[in-house]
$ cat input-v2.txt   # compact mmCIF, C-alpha atoms
# COMPACT_ATOMS: atom_id res chain seq x y z
CA MET A 1306 -5.34 42.55 -11.82
CA THR A 1307 -1.86 43.89 -11.06
CA ASP A 1308 -0.62 44.83 -7.64
CA LEU A 1309 2.03 47.52 -8.23
CA THR A 1310 2.96 47.88 -4.58
CA ARG A 1311 4.61 44.48 -4.46
CA PRO A 1312 7.21 42.91 -6.72
CA PRO A 1313 5.42 40.47 -9.05
CA GLY A 1314 7.56 37.40 -8.32
CA PRO A 1315 7.08 36.75 -4.60
CA SER A 1316 3.49 38.00 -4.69
CA LEU A 1317 2.55 35.57 -7.43
CA GLU A 1318 4.34 32.82 -5.58
CA ALA A 1319 2.57 33.61 -2.31
CA GLU A 1320 -0.78 33.73 -4.04
CA GLY A 1321 -0.03 30.49 -5.83
CA LEU A 1322 0.98 28.74 -2.64
CA ALA A 1323 -1.94 30.08 -0.65
CA ALA A 1324 -4.29 28.78 -3.31
CA VAL A 1325 -2.54 25.43 -3.16
CA LEU A 1326 -2.33 25.08 0.58
CA ALA A 1327 -5.99 25.82 1.28
CA PRO A 1328 -7.43 22.80 -0.59
CA LEU A 1329 -4.54 20.56 0.54
CA GLY A 1330 -5.37 21.37 4.16
CA ALA A 1331 -9.07 20.77 3.72
CA VAL A 1332 -8.44 17.24 2.51
CA LEU A 1333 -7.04 16.20 5.87
CA LEU A 1334 -10.37 16.97 7.49
CA SER A 1335 -12.41 14.82 5.19
CA THR A 1336 -12.17 11.14 4.49
CA GLU A 1337 -10.65 11.11 1.04
CA THR A 1338 -9.23 7.94 -0.40
CA ILE A 1339 -5.65 7.78 -1.61
CA ALA A 1340 -6.77 7.74 -5.22
CA THR A 1341 -8.91 10.88 -5.01
CA CYS A 1342 -6.15 12.60 -3.08
CA VAL A 1343 -3.55 11.83 -5.72
CA GLU A 1344 -5.95 13.10 -8.37
CA LEU A 1345 -6.50 16.32 -6.46
CA VAL A 1346 -2.77 16.94 -6.11
CA THR A 1347 -2.35 16.33 -9.84
CA ALA A 1348 -5.07 18.84 -10.71
CA LEU A 1349 -3.63 21.42 -8.32
CA VAL A 1350 -0.04 21.18 -9.52
CA GLN A 1351 -1.17 21.75 -13.09
CA GLU A 1352 -2.76 25.04 -12.01
CA THR A 1353 0.17 26.03 -9.80
CA ILE A 1354 3.06 25.73 -12.24
CA PRO A 1355 2.80 28.22 -15.12
CA GLY A 1356 3.05 26.79 -18.63
CA THR A 1357 2.04 23.26 -17.64
CA THR A 1358 0.23 21.28 -20.31
CA GLY A 1359 -0.12 18.16 -18.20
CA ALA A 1360 0.82 16.85 -14.78
CA GLY A 1361 1.22 13.50 -13.09
CA VAL A 1362 1.75 12.08 -9.62
CA THR A 1363 3.07 8.64 -8.74
CA LEU A 1364 2.66 7.44 -5.19
CA VAL A 1365 4.31 4.25 -3.93
CA ASP A 1366 3.33 2.67 -0.59
CA SER A 1367 5.48 0.55 1.71
CA ARG A 1368 4.45 -2.61 -0.16
CA GLY A 1369 5.53 -1.17 -3.49
CA ARG A 1370 2.00 -0.65 -4.78
CA ARG A 1371 1.68 2.29 -7.14
CA THR A 1372 -1.12 4.82 -7.27
CA ILE A 1373 -0.85 6.90 -10.41
CA ALA A 1374 -2.82 9.93 -11.48
CA ALA A 1375 -2.35 11.87 -14.69
CA SER A 1376 -4.10 14.95 -15.99
CA GLY A 1377 -4.50 13.44 -19.45
CA GLU A 1378 -3.67 10.66 -21.83
CA LEU A 1379 -0.45 12.34 -22.91
CA VAL A 1380 0.98 12.26 -19.38
CA GLU A 1381 -0.31 8.75 -18.80
CA ARG A 1382 1.59 7.64 -21.91
CA ALA A 1383 4.78 9.49 -20.91
CA ASP A 1384 4.67 7.80 -17.49
CA ALA A 1385 3.90 4.37 -18.89
CA VAL A 1386 6.90 4.65 -21.23
CA GLN A 1387 9.20 5.13 -18.24
CA TYR A 1388 7.92 2.09 -16.42
CA GLU A 1389 8.19 0.01 -19.59
CA LEU A 1390 11.78 1.15 -20.13
CA ASP A 1391 12.42 1.20 -16.37
CA ASP A 1392 14.32 4.38 -17.07
CA GLY A 1393 13.54 8.06 -17.40
CA PRO A 1394 13.67 11.42 -15.62
CA CYS A 1395 10.88 10.77 -13.07
CA LEU A 1396 12.29 7.42 -12.04
CA GLU A 1397 15.72 9.00 -11.63
CA SER A 1398 14.19 11.86 -9.67
CA TRP A 1399 12.52 9.36 -7.37
CA ARG A 1400 15.48 6.99 -6.97
CA ASP A 1401 18.09 9.69 -6.39
CA ARG A 1402 15.68 12.04 -4.60
CA VAL A 1403 16.66 15.00 -6.74
CA PRO A 1404 14.64 17.29 -8.99
CA VAL A 1405 15.15 16.53 -12.67
CA GLN A 1406 14.52 18.89 -15.53
CA VAL A 1407 14.38 18.22 -19.26
CA GLU A 1408 14.54 21.48 -21.21
CA ASP A 1409 13.88 20.02 -24.62
CA THR A 1410 13.16 16.37 -25.37
CA LEU A 1411 14.54 16.85 -28.89
CA GLU A 1412 17.97 17.86 -27.52
CA ASP A 1413 18.32 16.08 -24.19
CA ASP A 1414 20.33 12.85 -24.57
CA ARG A 1415 20.31 11.47 -21.00
CA TRP A 1416 17.38 9.11 -21.64
CA PRO A 1417 17.47 8.81 -25.45
CA GLN A 1418 14.71 6.18 -25.78
CA TRP A 1419 12.36 7.98 -23.43
CA SER A 1420 13.06 11.38 -25.02
CA ARG A 1421 12.36 10.07 -28.50
CA LEU A 1422 9.10 8.39 -27.53
CA VAL A 1423 7.66 11.34 -25.58
CA ALA A 1424 8.82 13.88 -28.16
CA GLU A 1425 6.87 11.90 -30.75
CA ALA A 1426 3.86 12.11 -28.43
CA GLY A 1427 4.21 15.91 -28.32
CA ILE A 1428 6.00 16.51 -25.03
CA ARG A 1429 8.90 18.95 -25.27
CA SER A 1430 9.86 19.80 -21.70
CA MET A 1431 9.30 18.44 -18.22
CA LEU A 1432 10.09 18.96 -14.60
CA SER A 1433 9.98 16.24 -11.94
CA THR A 1434 10.57 16.38 -8.21
CA PRO A 1435 10.52 13.65 -5.56
CA LEU A 1436 7.81 13.49 -2.89
CA VAL A 1437 9.73 13.20 0.35
CA ALA A 1438 7.90 12.94 3.67
CA GLY A 1439 10.17 12.77 6.71
CA ASP A 1440 13.04 10.69 5.37
CA VAL A 1441 10.97 8.47 3.10
CA CYS A 1442 10.53 9.05 -0.60
CA ILE A 1443 6.91 8.20 -1.32
CA GLY A 1444 6.80 9.03 -5.01
CA ALA A 1445 7.32 11.75 -7.57
CA ILE A 1446 5.40 14.63 -9.02
CA LYS A 1447 5.94 15.94 -12.53
CA VAL A 1448 4.73 18.56 -14.96
CA TYR A 1449 4.99 18.49 -18.75
CA SER A 1450 4.72 21.04 -21.50
CA ASP A 1451 4.26 20.82 -25.25
CA GLN A 1452 6.75 23.69 -25.62
CA PRO A 1453 10.54 23.53 -25.02
CA ARG A 1454 12.22 25.49 -22.19
CA VAL A 1455 8.98 26.39 -20.46
CA PHE A 1456 10.01 25.68 -16.88
CA ASP A 1457 12.47 28.16 -15.36
CA GLN A 1458 14.19 28.31 -11.95
CA ARG A 1459 11.09 29.81 -10.40
CA ALA A 1460 8.90 27.00 -11.68
CA ALA A 1461 11.37 24.46 -10.28
CA HIS A 1462 11.34 26.23 -6.93
CA LEU A 1463 7.55 26.44 -6.89
CA LEU A 1464 7.23 22.75 -7.73
CA GLU A 1465 9.57 21.87 -4.87
CA LEU A 1466 7.56 23.95 -2.39
CA PHE A 1467 4.40 22.34 -3.69
CA ALA A 1468 5.89 18.84 -3.49
CA ARG A 1469 6.91 19.36 0.12
CA GLN A 1470 3.32 20.14 1.14
CA ALA A 1471 1.83 17.45 -1.08
CA ALA A 1472 4.19 14.83 0.36
CA VAL A 1473 3.03 15.57 3.91
CA LEU A 1474 -0.59 15.32 2.83
CA LEU A 1475 -0.13 12.11 0.83
CA ALA A 1476 1.91 10.46 3.58
CA ASN A 1477 -0.85 11.26 6.07
CA VAL A 1478 -3.55 9.88 3.81
CA GLN A 1479 -1.44 6.75 3.34
CA THR A 1480 -1.06 6.32 7.09
CA LEU A 1481 -4.78 6.85 7.58
CA ALA A 1482 -5.62 4.25 4.93
CA ASP A 1483 -3.18 1.80 6.52
CA ALA A 1484 -4.73 2.34 9.95
CA ARG A 1485 -8.25 1.85 8.58
CA ARG A 1486 -7.25 -1.36 6.84
CA THR A 1487 -5.50 -2.70 9.92
CA SER A 1488 -8.44 -1.88 12.17
CA HIS A 1489 -10.81 -3.62 9.76
CA GLN A 1490 -8.54 -6.69 9.57
CA LEU A 1491 -8.21 -6.80 13.35
CA THR A 1492 -11.99 -6.71 13.84
CA GLU A 1493 -12.37 -9.64 11.45
CA ALA A 1494 -9.49 -11.50 13.07
CA LEU A 1495 -10.97 -11.12 16.54
CA HIS A 1496 -14.36 -12.35 15.37
CA SER A 1497 -12.80 -15.42 13.76
CA ARG A 1498 -10.66 -16.02 16.83
CA ASP A 1499 -13.75 -15.84 19.06
CA VAL A 1500 -15.63 -18.43 16.98
CA ILE A 1501 -12.61 -20.75 16.95
CA GLY A 1502 -12.32 -20.37 20.74
CA GLN A 1503 -15.96 -21.35 21.15
CA ALA A 1504 -15.57 -24.36 18.85
CA LYS A 1505 -12.51 -25.53 20.82
CA GLY A 1506 -14.62 -25.22 23.98
CA VAL A 1507 -17.29 -27.43 22.45
CA LEU A 1508 -14.66 -30.02 21.47
CA LEU A 1509 -13.13 -29.93 24.96
CA ALA A 1510 -16.58 -30.55 26.47
CA GLN A 1511 -16.96 -33.47 24.07
CA GLY A 1512 -13.73 -35.05 25.30
CA ALA A 1513 -10.78 -33.44 23.48
CA ALA A 1514 -7.69 -33.75 25.70
CA ASP A 1515 -6.61 -30.11 25.63
CA ASP A 1516 -6.61 -26.88 23.63
CA ARG A 1517 -3.97 -28.17 21.23
CA ALA A 1518 -5.84 -31.43 20.61
CA ALA A 1519 -9.04 -29.46 19.95
CA PHE A 1520 -7.22 -27.29 17.42
CA ALA A 1521 -5.74 -30.40 15.76
CA MET A 1522 -9.29 -31.78 15.38
CA LEU A 1523 -10.35 -28.56 13.66
CA VAL A 1524 -7.31 -28.76 11.37
CA SER A 1525 -8.10 -32.36 10.32
CA ALA A 1526 -11.77 -31.54 9.74
CA SER A 1527 -10.75 -28.53 7.67
CA GLN A 1528 -8.28 -30.58 5.59
CA ARG A 1529 -10.76 -33.45 5.11
CA THR A 1530 -13.61 -31.22 3.94
CA ASN A 1531 -11.45 -28.57 2.26
CA ILE A 1532 -13.33 -25.90 4.21
CA LYS A 1533 -11.52 -23.03 5.95
CA LEU A 1534 -10.83 -23.70 9.61
CA HIS A 1535 -12.87 -20.76 10.92
CA GLN A 1536 -15.79 -21.96 8.78
CA VAL A 1537 -15.52 -25.44 10.33
CA ALA A 1538 -15.50 -23.81 13.77
CA GLN A 1539 -18.53 -21.70 12.85
CA GLU A 1540 -20.45 -24.82 11.83
CA ILE A 1541 -19.59 -26.61 15.09
CA VAL A 1542 -20.78 -23.62 17.14
CA GLU A 1543 -23.94 -23.28 15.04
CA SER A 1544 -24.78 -26.99 15.36
CA VAL A 1545 -24.54 -26.75 19.15
CA THR A 1546 -26.56 -23.54 19.43
CA ALA A 1547 -29.19 -24.96 17.04
CA ARG A 1548 -29.46 -28.08 19.18
CA LYS A 1549 -29.88 -25.99 22.32
CA ALA A 1550 -32.48 -23.76 20.64
CA GLY A 1551 -34.33 -26.89 19.52
CA GLY A 1552 -34.10 -28.33 23.05
CA SER A 1553 -35.39 -25.21 24.82
CA THR A 1554 -38.31 -24.85 22.37
CA GLY A 1555 -39.11 -28.50 23.07
CA ALA A 1556 -39.02 -27.92 26.80
CA GLN A 1557 -41.34 -24.94 26.53
CA ALA A 1558 -43.88 -26.80 24.41
CA MET B 483 10.65 -23.27 6.62
CA PHE B 484 8.13 -20.82 8.15
CA ALA B 485 10.10 -17.86 6.83
CA THR B 486 10.13 -19.36 3.32
CA ALA B 487 6.40 -20.10 3.47
CA ARG B 488 5.72 -16.53 4.58
CA ARG B 489 7.58 -15.16 1.57
CA GLU B 490 5.70 -17.51 -0.75
CA ALA B 491 2.46 -16.41 0.89
CA GLY B 492 3.37 -12.84 -0.07
CA TRP B 493 2.60 -11.59 3.43
CA THR B 494 4.47 -9.14 5.61
CA VAL B 495 5.11 -10.33 9.18
CA GLU B 496 2.21 -8.09 10.30
CA GLU B 497 -0.18 -9.66 7.80
CA LEU B 498 0.87 -13.16 8.83
CA TRP B 499 0.41 -12.19 12.48
CA ILE B 500 -3.16 -10.98 11.92
CA HIS B 501 -4.12 -14.28 10.27
CA TYR B 502 -2.35 -16.25 13.01
CA LEU B 503 -4.21 -14.15 15.59
CA ALA B 504 -7.50 -14.90 13.81
CA LEU B 505 -6.86 -18.64 14.19
CA GLY B 506 -6.21 -18.33 17.93
CA GLY B 507 -2.47 -17.63 18.01
CA ALA B 508 -1.31 -16.09 21.27
CA LEU B 509 2.11 -14.56 20.53
CA LEU B 510 2.76 -10.86 19.94
CA VAL B 511 3.84 -9.73 16.49
CA PHE B 512 7.29 -8.93 17.90
CA ASP B 513 7.75 -12.49 19.20
CA LEU B 514 6.44 -13.94 15.95
CA ASP B 515 9.04 -11.91 14.06
CA ALA B 516 11.77 -13.17 16.43
CA PHE B 517 10.63 -16.77 15.88
CA LEU B 518 10.69 -16.34 12.09
CA HIS B 519 14.28 -15.10 12.40
CA GLY B 520 15.21 -18.12 14.52
CA LEU B 521 15.77 -15.97 17.60
CA MET B 522 13.00 -17.36 19.78
CA PRO B 523 11.37 -20.76 20.28
CA MET B 524 7.64 -21.32 19.81
CA SER B 525 5.49 -24.02 21.39
CA ASP B 526 4.24 -26.90 19.18
CA GLY B 527 0.67 -25.71 19.59
CA GLU B 528 1.49 -22.18 18.43
CA GLN B 529 3.52 -23.56 15.51
CA ASP B 530 0.47 -25.55 14.39
CA VAL B 531 -1.66 -22.40 14.42
CA LEU B 532 1.00 -20.58 12.42
CA ALA B 533 1.26 -23.50 9.99
CA CYS B 534 -2.51 -23.45 9.50
CA ALA B 535 -2.52 -19.70 8.71
CA LEU B 536 0.20 -20.18 6.09
CA ASN B 537 -1.27 -23.38 4.61
CA GLU B 538 -4.70 -21.81 4.12
CA ARG B 539 -3.10 -18.85 2.36
CA LEU B 540 -0.86 -21.02 0.16
CA SER B 541 -3.86 -23.16 -0.75
CA ASP B 542 -5.77 -20.00 -1.76
CA LEU B 543 -2.83 -19.05 -3.98
CA ALA B 544 -2.79 -22.56 -5.50
CA ASN B 545 0.79 -22.83 -4.25
CA PRO B 546 1.66 -26.50 -3.47
CA THR B 547 4.05 -25.58 -0.62
CA ARG B 548 2.78 -26.65 2.82
CA VAL B 549 4.17 -26.32 6.33
CA PRO B 550 3.80 -29.70 8.10
CA TYR B 551 1.87 -29.89 11.38
CA LEU B 552 3.75 -31.16 14.42

$ encode --input "input-v2.txt" --output "structure tokens"
Amino acid sequence: MTDLTRPPGPSLEAEGLAAVLAPLGAVLLSTETIATCVELVTALVQETIPGTTGAGVTLVDSRGRRTIAASGELVERADAVQYELDDGPCLESWRDRVPVQVEDTLEDDRWPQWSRLVAEAGIRSMLSTPLVAGDVCIGAIKVYSDQPRVFDQRAAHLLELFARQAAVLLANVQTLADARRTSHQLTEALHSRDVIGQAKGVLLAQGAADDRAAFAMLVSASQRTNIKLHQVAQEIVESVTARKAGGSTGAQA
Amino acid sequence: MFATARREAGWTVEELWIHYLALGGALLVFDLDAFLHGLMPMSDGEQDVLACALNERLSDLANPTRVPYL
């Protein structure tokens, strides 16, 4: 299907971007995990950039944990080689926050070890661009081809536009995951804190001098028995409530 | 000593704070951070709670480092 009323370049680009943006937007509305989101972006970029044989996305969170998705074994291998060597175009793209292009792995001599290894695996050209959200670089996105000189200026431009949108999406999903984790941890923390508070109350009623002394008693019991402090507190509270339950049943009988 | 133990525990200040909170600690994360940087004092009682949070974590990691109780 050819639209003769519009120049092919911008039209193709607009169509490509529209196709990309629609699914990226939809993800925000659902509750995708980081992993599925990274996989989705990987699948989409492969369809967006013409001539791509394989694509990969590396996402790094604030604690340095990596989430990696690759469209196939070839890309997985090419990525792994970089991390083993701690050198290569994607790592440079990420560290220096610049797009990096390798026109032909058989000729490019900037990362000789990496070029040799991926050329042997069948990769001839690649394009990598950093994922920058706000002023934080959260990872890199890259496309590979089994042919040399596949990616032109337009492909580089398209990948950058794509990366800009993907970075916003991935940063949001990261924030959401962080918030969910924190809220879960806080709920657990408050429950534990409540039980410990109750146990300290029991100890105070039994003659502990003050809050600090009650806590010290919990610490010694925990060290002596090698049971976590909140577990010790739980047992104290349970023993008291069990006694009361036993007592009230007795009174009713 | 607390700052070293926190690094060995592999926790961010926020993570340490949540575990300290779970054990009954009363300070805000901001104040805890200031204490770890030596910018603010902390009562003996609060220090014991903090020590307990770190010691339980280090024990889980089979790390022999311990923060002494006051």

$ residues_near_point --input "input-v2.txt" --point "(9.0, 12.7, -30.4)" --cutoff "12 Å" --atoms "all atoms listed in the file" --output "MDAnalysis selection string"
chainID A and resid 1383 1409:1413 1417:1430 1451

$ residues_around --input "input-v2.txt" --residues "B:His519" --least-positions-apart "4" --cutoff "10 Å" --atoms "all atoms listed in the file" --output "ChimeraX atom specification"
/B:484-485,513-515

$ closest_residue --input "input-v2.txt" --among "A:Val1507, A:Leu1463, A:Gly1512, A:Glu1493" --to "chain B" --atoms "all atoms listed in the file"
A:Glu1493

$ interface_residues --input "input-v2.txt" --of "chain B" --to "chain A" --cutoff "12 Å" --atoms "only C-alpha atoms" --output "ChimeraX atom specification"
/B:492-494,496-508,525-535,537-539,541-542,550-552

$ axis_aligned_box --input "input-v2.txt" --around "stretch 519-527 of chain B" --padding-each-side "4 Å" --output "JSON"
{"center_x": 8.2, "center_y": -21.0, "center_z": 16.9, "size_x": 23.1, "size_y": 19.8, "size_z": 17.0}

$ residues_around --input "input-v2.txt" --residues "stretch 1455-1461 of chain A" --least-positions-apart "6" --cutoff "12 Å" --atoms "all atoms listed in the file" --output "PyMOL selection string"
chain A and resi 1314-1315+1317-1318+1321+1350-1358+1403-1410+1428-1435+1446-1449+1467-1468

$ atom_distance --input "input-v2.txt" --atom1 "atom CA of A:Leu1364" --atom2 "atom CA of A:Val1343"
7.6 Å

$ closest_residue --input "input-v2.txt" --among "B:Val495, B:Met483, B:Leu540, B:Arg489" --to "B:Ala516" --atoms "only C-alpha atoms"
B:Val495

$ atom_distance --input "input-v2.txt" --atom1 "atom CA of B:Leu543" --atom2 "atom CA of A:Thr1363"
28.7 Å

$ atom_distance --input "input-v2.txt" --atom1 "atom CA of A:Val1365" --atom2 "atom CA of A:Asn1477"
13.3 Å

$ closest_residue --input "input-v2.txt" --among "A:Asp1515, A:Asp1401, A:Asp1483, A:Glu1378" --to "A:Gly1444" --atoms "all atoms listed in the file"
A:Asp1401

$ residues_around --input "input-v2.txt" --residues "A:Val1478" --least-positions-apart "2" --cutoff "8 Å" --atoms "only C-alpha atoms" --output "list of chain:residue names"
A:Leu1333, A:Glu1337, A:Thr1338, A:Ile1339, A:Cys1342, A:Leu1474, A:Leu1475, A:Ala1476, A:Thr1480, A:Leu1481, A:Ala1482

$ closest_residue --input "input-v2.txt" --among "A:Val1346, A:Cys1442, A:Val1437, A:Ala1519" --to "A:Gly1506" --atoms "all atoms listed in the file"
A:Ala1519

$ decode --input "input-v2.txt" --residues "stretch 1453-1463 of chain A" --atoms "all heavy atoms" --output "compact mmCIF listing (two decimals), in the first residue's frame"
# COMPACT_ATOMS: atom_id res chain seq x y z
N PRO A 1453 25.97 -6.06 6.96
CA PRO A 1453 26.69 -4.81 7.27
C PRO A 1453 25.94 -3.59 6.73
O PRO A 1453 25.15 -3.71 5.78
CB PRO A 1453 28.03 -4.99 6.55
CG PRO A 1453 27.74 -5.95 5.45
CD PRO A 1453 26.65 -6.86 5.93
N ARG A 1454 26.19 -2.43 7.35
CA ARG A 1454 25.65 -1.14 6.89
C ARG A 1454 24.14 -1.13 6.65
O ARG A 1454 23.65 -0.64 5.64
CB ARG A 1454 26.37 -0.69 5.61
CG ARG A 1454 27.66 0.05 5.90
CD ARG A 1454 28.47 0.30 4.66
NE ARG A 1454 29.20 -0.90 4.28
CZ ARG A 1454 30.36 -1.26 4.82
NH1 ARG A 1454 30.91 -0.51 5.74
NH2 ARG A 1454 30.96 -2.37 4.45
N VAL A 1455 23.41 -1.72 7.57
CA VAL A 1455 21.96 -1.79 7.42
C VAL A 1455 21.29 -0.53 7.98
O VAL A 1455 20.30 -0.05 7.45
CB VAL A 1455 21.41 -3.05 8.13
CG1 VAL A 1455 19.92 -2.93 8.39
CG2 VAL A 1455 21.71 -4.28 7.30
N PHE A 1456 21.86 -0.01 9.08
CA PHE A 1456 21.19 1.09 9.76
C PHE A 1456 21.71 2.44 9.26
O PHE A 1456 22.89 2.75 9.40
CB PHE A 1456 21.40 0.97 11.27
CG PHE A 1456 20.94 -0.37 11.79
CD1 PHE A 1456 21.85 -1.28 12.30
CD2 PHE A 1456 19.59 -0.72 11.74
CE1 PHE A 1456 21.43 -2.52 12.78
CE2 PHE A 1456 19.16 -1.95 12.20
CZ PHE A 1456 20.09 -2.86 12.72
N ASP A 1457 20.80 3.24 8.69
CA ASP A 1457 21.19 4.55 8.17
C ASP A 1457 20.82 5.64 9.18
O ASP A 1457 20.38 5.35 10.28
CB ASP A 1457 20.53 4.80 6.81
CG ASP A 1457 19.01 4.64 6.89
OD1 ASP A 1457 18.48 4.53 8.03
OD2 ASP A 1457 18.36 4.63 5.83
N GLN A 1458 20.98 6.89 8.76
CA GLN A 1458 20.66 8.04 9.61
C GLN A 1458 19.22 7.99 10.10
O GLN A 1458 18.92 8.31 11.25
CB GLN A 1458 20.85 9.34 8.80
CG GLN A 1458 22.28 9.83 8.79
CD GLN A 1458 22.76 10.09 10.21
OE1 GLN A 1458 23.52 9.29 10.77
NE2 GLN A 1458 22.30 11.19 10.80
N ARG A 1459 18.33 7.59 9.20
CA ARG A 1459 16.92 7.56 9.53
C ARG A 1459 16.63 6.52 10.61
O ARG A 1459 15.86 6.76 11.53
CB ARG A 1459 16.09 7.25 8.27
CG ARG A 1459 14.80 8.02 8.20
CD ARG A 1459 14.10 7.74 6.88
NE ARG A 1459 13.52 6.39 6.88
CZ ARG A 1459 12.38 6.09 7.52
NH1 ARG A 1459 11.73 7.01 8.18
NH2 ARG A 1459 11.91 4.87 7.48
N ALA A 1460 17.31 5.38 10.49
CA ALA A 1460 17.13 4.33 11.49
C ALA A 1460 17.63 4.82 12.85
O ALA A 1460 16.99 4.59 13.88
CB ALA A 1460 17.88 3.07 11.07
N ALA A 1461 18.77 5.55 12.82
CA ALA A 1461 19.33 6.07 14.07
C ALA A 1461 18.37 7.07 14.70
O ALA A 1461 18.14 7.06 15.92
CB ALA A 1461 20.68 6.73 13.80
N HIS A 1462 17.78 7.91 13.86
CA HIS A 1462 16.84 8.91 14.33
C HIS A 1462 15.59 8.25 14.91
O HIS A 1462 15.10 8.61 15.98
CB HIS A 1462 16.47 9.83 13.16
CG HIS A 1462 15.51 10.91 13.53
ND1 HIS A 1462 15.79 11.84 14.50
CD2 HIS A 1462 14.27 11.20 13.05
CE1 HIS A 1462 14.76 12.66 14.61
NE2 HIS A 1462 13.82 12.29 13.75
N LEU A 1463 15.10 7.25 14.20
CA LEU A 1463 13.90 6.53 14.63
C LEU A 1463 14.15 5.82 15.97
O LEU A 1463 13.31 5.85 16.88
CB LEU A 1463 13.53 5.50 13.55
CG LEU A 1463 12.10 4.98 13.52
CD1 LEU A 1463 11.11 6.13 13.48
CD2 LEU A 1463 11.91 4.06 12.32
